[in-house]
Amino acid sequence: MLIRAGYDISFTSEQRVPVLALLSVHPSRNKDLRTAQRIFTQPDVPLYDYVDSFGNVCTRLTMPAGGITISCGFVIEDPFEPDPVVPGARQLPLEELPDEVMLFLLSSRYCETDRLTEDAWALFGNAAGQGWSLVQTICDYVHQRIKFDYMAARPPKTAWDAHQEQIGVCRDYAHLAIALCRCMNIPARYCTGYIGDMDLPVPVGKMDFSAWFEAYLDGQWRTFDARHNRPRRGRILMARGRDAADAALTTTFGLVNLSRFDVYTDEDRLPPPPL
């Protein structure tokens, strides 16, 4: 399937403000792009890209006084297959985990394993099976524990907060599931990207930017989604990290106001090639 995706995001500010944006498709999907992906701004300002330690494309720019609109649009080819389900994927012993994966077992800004370990072992210490079945049990719990509500979103909210308040948005589902997986010695990392509603019988709210997570099982990173708690189609990865602090869509180094946030993800058809 060809998917047309993009965004228009506007900020206002009374002064110049440096901005760091993780709004590009992840390099692992570059081979699937069928049109050029180019970020542009209004007014036009210089942009500079680099790749961070998690493999994400980071765009640096400076917002002029008054504000800025950041836009992008592209077409990407996607197999539109459901997230793979691998019930036999096993949990590796800690001694077998690669060094670079150990980071995703540690507590992080939004995933406080130290505060959740006792609860996690009380809930899942006697769960039948390990590996895939344990991660799915955690997703089932988080899916039932948290009620989805856009109005419950707030930047400082952590996995512990979401667990206590039992309400949140997609990133809160991801943070809590990640933290509980780490408590049970399963490496887990945060993902953000596009996901439309083309695979759903009816739309469920705003679906275009979303958060999910990956758990490291049997030597591979496997996709899980505690919010929807079912395999989804058409994910377009943008960024990964320990939690949302590493994969924030935008980080502003000064006071700004978000004045527009439009995202789209739709089926698209490229014109046929010339004969």
# chains A, B, ... in the order shown; residues from 1 in each chain; ligands from 1
$ select_by_dssp --residues "stretch 85-178 of chain A" --states "alpha helix (DSSP H)" --output "PyMOL selection string"
chain A and resi 113-124+132-145+159-165+170-178
$ residues_around --residues "A:Asn30" --least-positions-apart "4" --cutoff "12 Å" --atoms "only C-alpha atoms" --output "PDB file with C-alpha atoms, in the first residue's frame"
ATOM      1  CA  SER A  24      11.595  12.703  10.023  1.00  0.00           C
ATOM      2  CA  VAL A  25      10.822   9.132   9.064  1.00  0.00           C
ATOM      3  CA  HIS A  26      13.300   6.804  10.769  1.00  0.00           C
ATOM      4  CA  ARG A  34       8.433   6.850  -2.860  1.00  0.00           C
ATOM      5  CA  THR A  35       8.642  10.645  -2.828  1.00  0.00           C
ATOM      6  CA  ALA A  36      11.280  12.877  -1.309  1.00  0.00           C
ATOM      7  CA  GLN A  37      10.835  13.658   2.359  1.00  0.00           C
ATOM      8  CA  ASN A  56      17.008   8.937  14.975  1.00  0.00           C
ATOM      9  CA  VAL A  57      17.219  11.836  12.528  1.00  0.00           C
ATOM     10  CA  PHE A  74       5.702  12.325   1.609  1.00  0.00           C
ATOM     11  CA  VAL A  75       4.481   9.036   0.160  1.00  0.00           C
ATOM     12  CA  ILE A  76       5.810   5.765   1.556  1.00  0.00           C
ATOM     13  CA  GLU A  77       5.234   2.171   0.505  1.00  0.00           C
ATOM     14  CA  ASP A  78       4.120  -0.144   3.293  1.00  0.00           C
ATOM     15  CA  ILE A 236       5.622   4.434  10.072  1.00  0.00           C
ATOM     16  CA  LEU A 237       8.421   4.709  12.619  1.00  0.00           C
ATOM     17  CA  MET A 238       9.927   8.114  13.319  1.00  0.00           C
TER      18      MET A 238
END
$ closest_residue --among "A:Pro93, A:Met63, A:Lys31, A:Gln42" --to "A:Pro18" --atoms "only C-alpha atoms"
A:Met63
$ residues_around --residues "A:Pro64" --least-positions-apart "6" --cutoff "12 Å" --atoms "only C-alpha atoms" --output "ChimeraX atom specification"
/A:11-19,41-46,254,256
$ residues_around --residues "stretch 159-162 of chain A" --least-positions-apart "3" --cutoff "8 Å" --atoms "only C-alpha atoms" --output "list in words"
Tyr110, Cys111, Glu112, Arg115, Leu116, Ile146, Glu165, Gln166, Ile167, Gly168, Asp172, Tyr173, His175, Leu176 and Ala179 of chain A
$ write_last_selection --atoms "C-alpha atoms" --output "PDB file, in the first residue's frame"
ATOM      1  CA  TYR A 110       9.410   8.506  32.349  1.00  0.00           C
ATOM      2  CA  CYS A 111       9.793   4.810  33.225  1.00  0.00           C
ATOM      3  CA  GLU A 112      10.635   4.551  36.923  1.00  0.00           C
ATOM      4  CA  ARG A 115       8.972   2.704  41.930  1.00  0.00           C
ATOM      5  CA  LEU A 116       7.174  -0.076  40.043  1.00  0.00           C
ATOM      6  CA  ILE A 146      -5.572   2.891  31.816  1.00  0.00           C
ATOM      7  CA  GLU A 165      -4.200   7.794  37.975  1.00  0.00           C
ATOM      8  CA  GLN A 166      -5.412   5.033  35.623  1.00  0.00           C
ATOM      9  CA  ILE A 167      -5.976   7.493  32.773  1.00  0.00           C
ATOM     10  CA  GLY A 168      -3.784   8.766  29.953  1.00  0.00           C
ATOM     11  CA  ASP A 172       1.293   6.696  28.966  1.00  0.00           C
ATOM     12  CA  TYR A 173       0.281   3.177  27.896  1.00  0.00           C
ATOM     13  CA  HIS A 175       5.609   4.127  29.319  1.00  0.00           C
ATOM     14  CA  LEU A 176       3.800   1.897  31.812  1.00  0.00           C
ATOM     15  CA  ALA A 179       8.517   0.082  32.843  1.00  0.00           C
TER      16      ALA A 179
END
$ atom_distance --atom1 "atom CA of A:Asp99" --atom2 "atom CA of A:Ala128"
28.0 Å
$ closest_residue --among "A:Thr250, A:Ser71, A:Ser53, A:Gln144" --to "A:Glu100" --atoms "only C-alpha atoms"
A:Ser53
$ residues_around --residues "A:Tyr194" --least-positions-apart "4" --cutoff "6 Å" --atoms "only C-alpha atoms" --output "MDAnalysis selection string"
chainID A and resid 208:209 235:236
$ write_last_selection --atoms "N, CA and C atoms" --output "PDB file, in the first residue's frame"
ATOM      1  N   ASP A 208      -3.075   9.696  13.995  1.00  0.00           N
ATOM      2  CA  ASP A 208      -1.977   9.828  13.051  1.00  0.00           C
ATOM      3  C   ASP A 208      -0.579   9.813  13.672  1.00  0.00           C
ATOM      4  N   PHE A 209      -0.360  10.442  14.814  1.00  0.00           N
ATOM      5  CA  PHE A 209       0.874  10.262  15.565  1.00  0.00           C
ATOM      6  C   PHE A 209       0.531   9.394  16.759  1.00  0.00           C
ATOM      7  N   ARG A 235       2.193   1.056  10.433  1.00  0.00           N
ATOM      8  CA  ARG A 235       3.046   1.892  11.293  1.00  0.00           C
ATOM      9  C   ARG A 235       4.183   2.493  10.470  1.00  0.00           C
ATOM     10  N   ILE A 236       4.476   3.767  10.709  1.00  0.00           N
ATOM     11  CA  ILE A 236       5.622   4.434  10.072  1.00  0.00           C
ATOM     12  C   ILE A 236       6.472   4.994  11.191  1.00  0.00           C
TER      13      ILE A 236
END
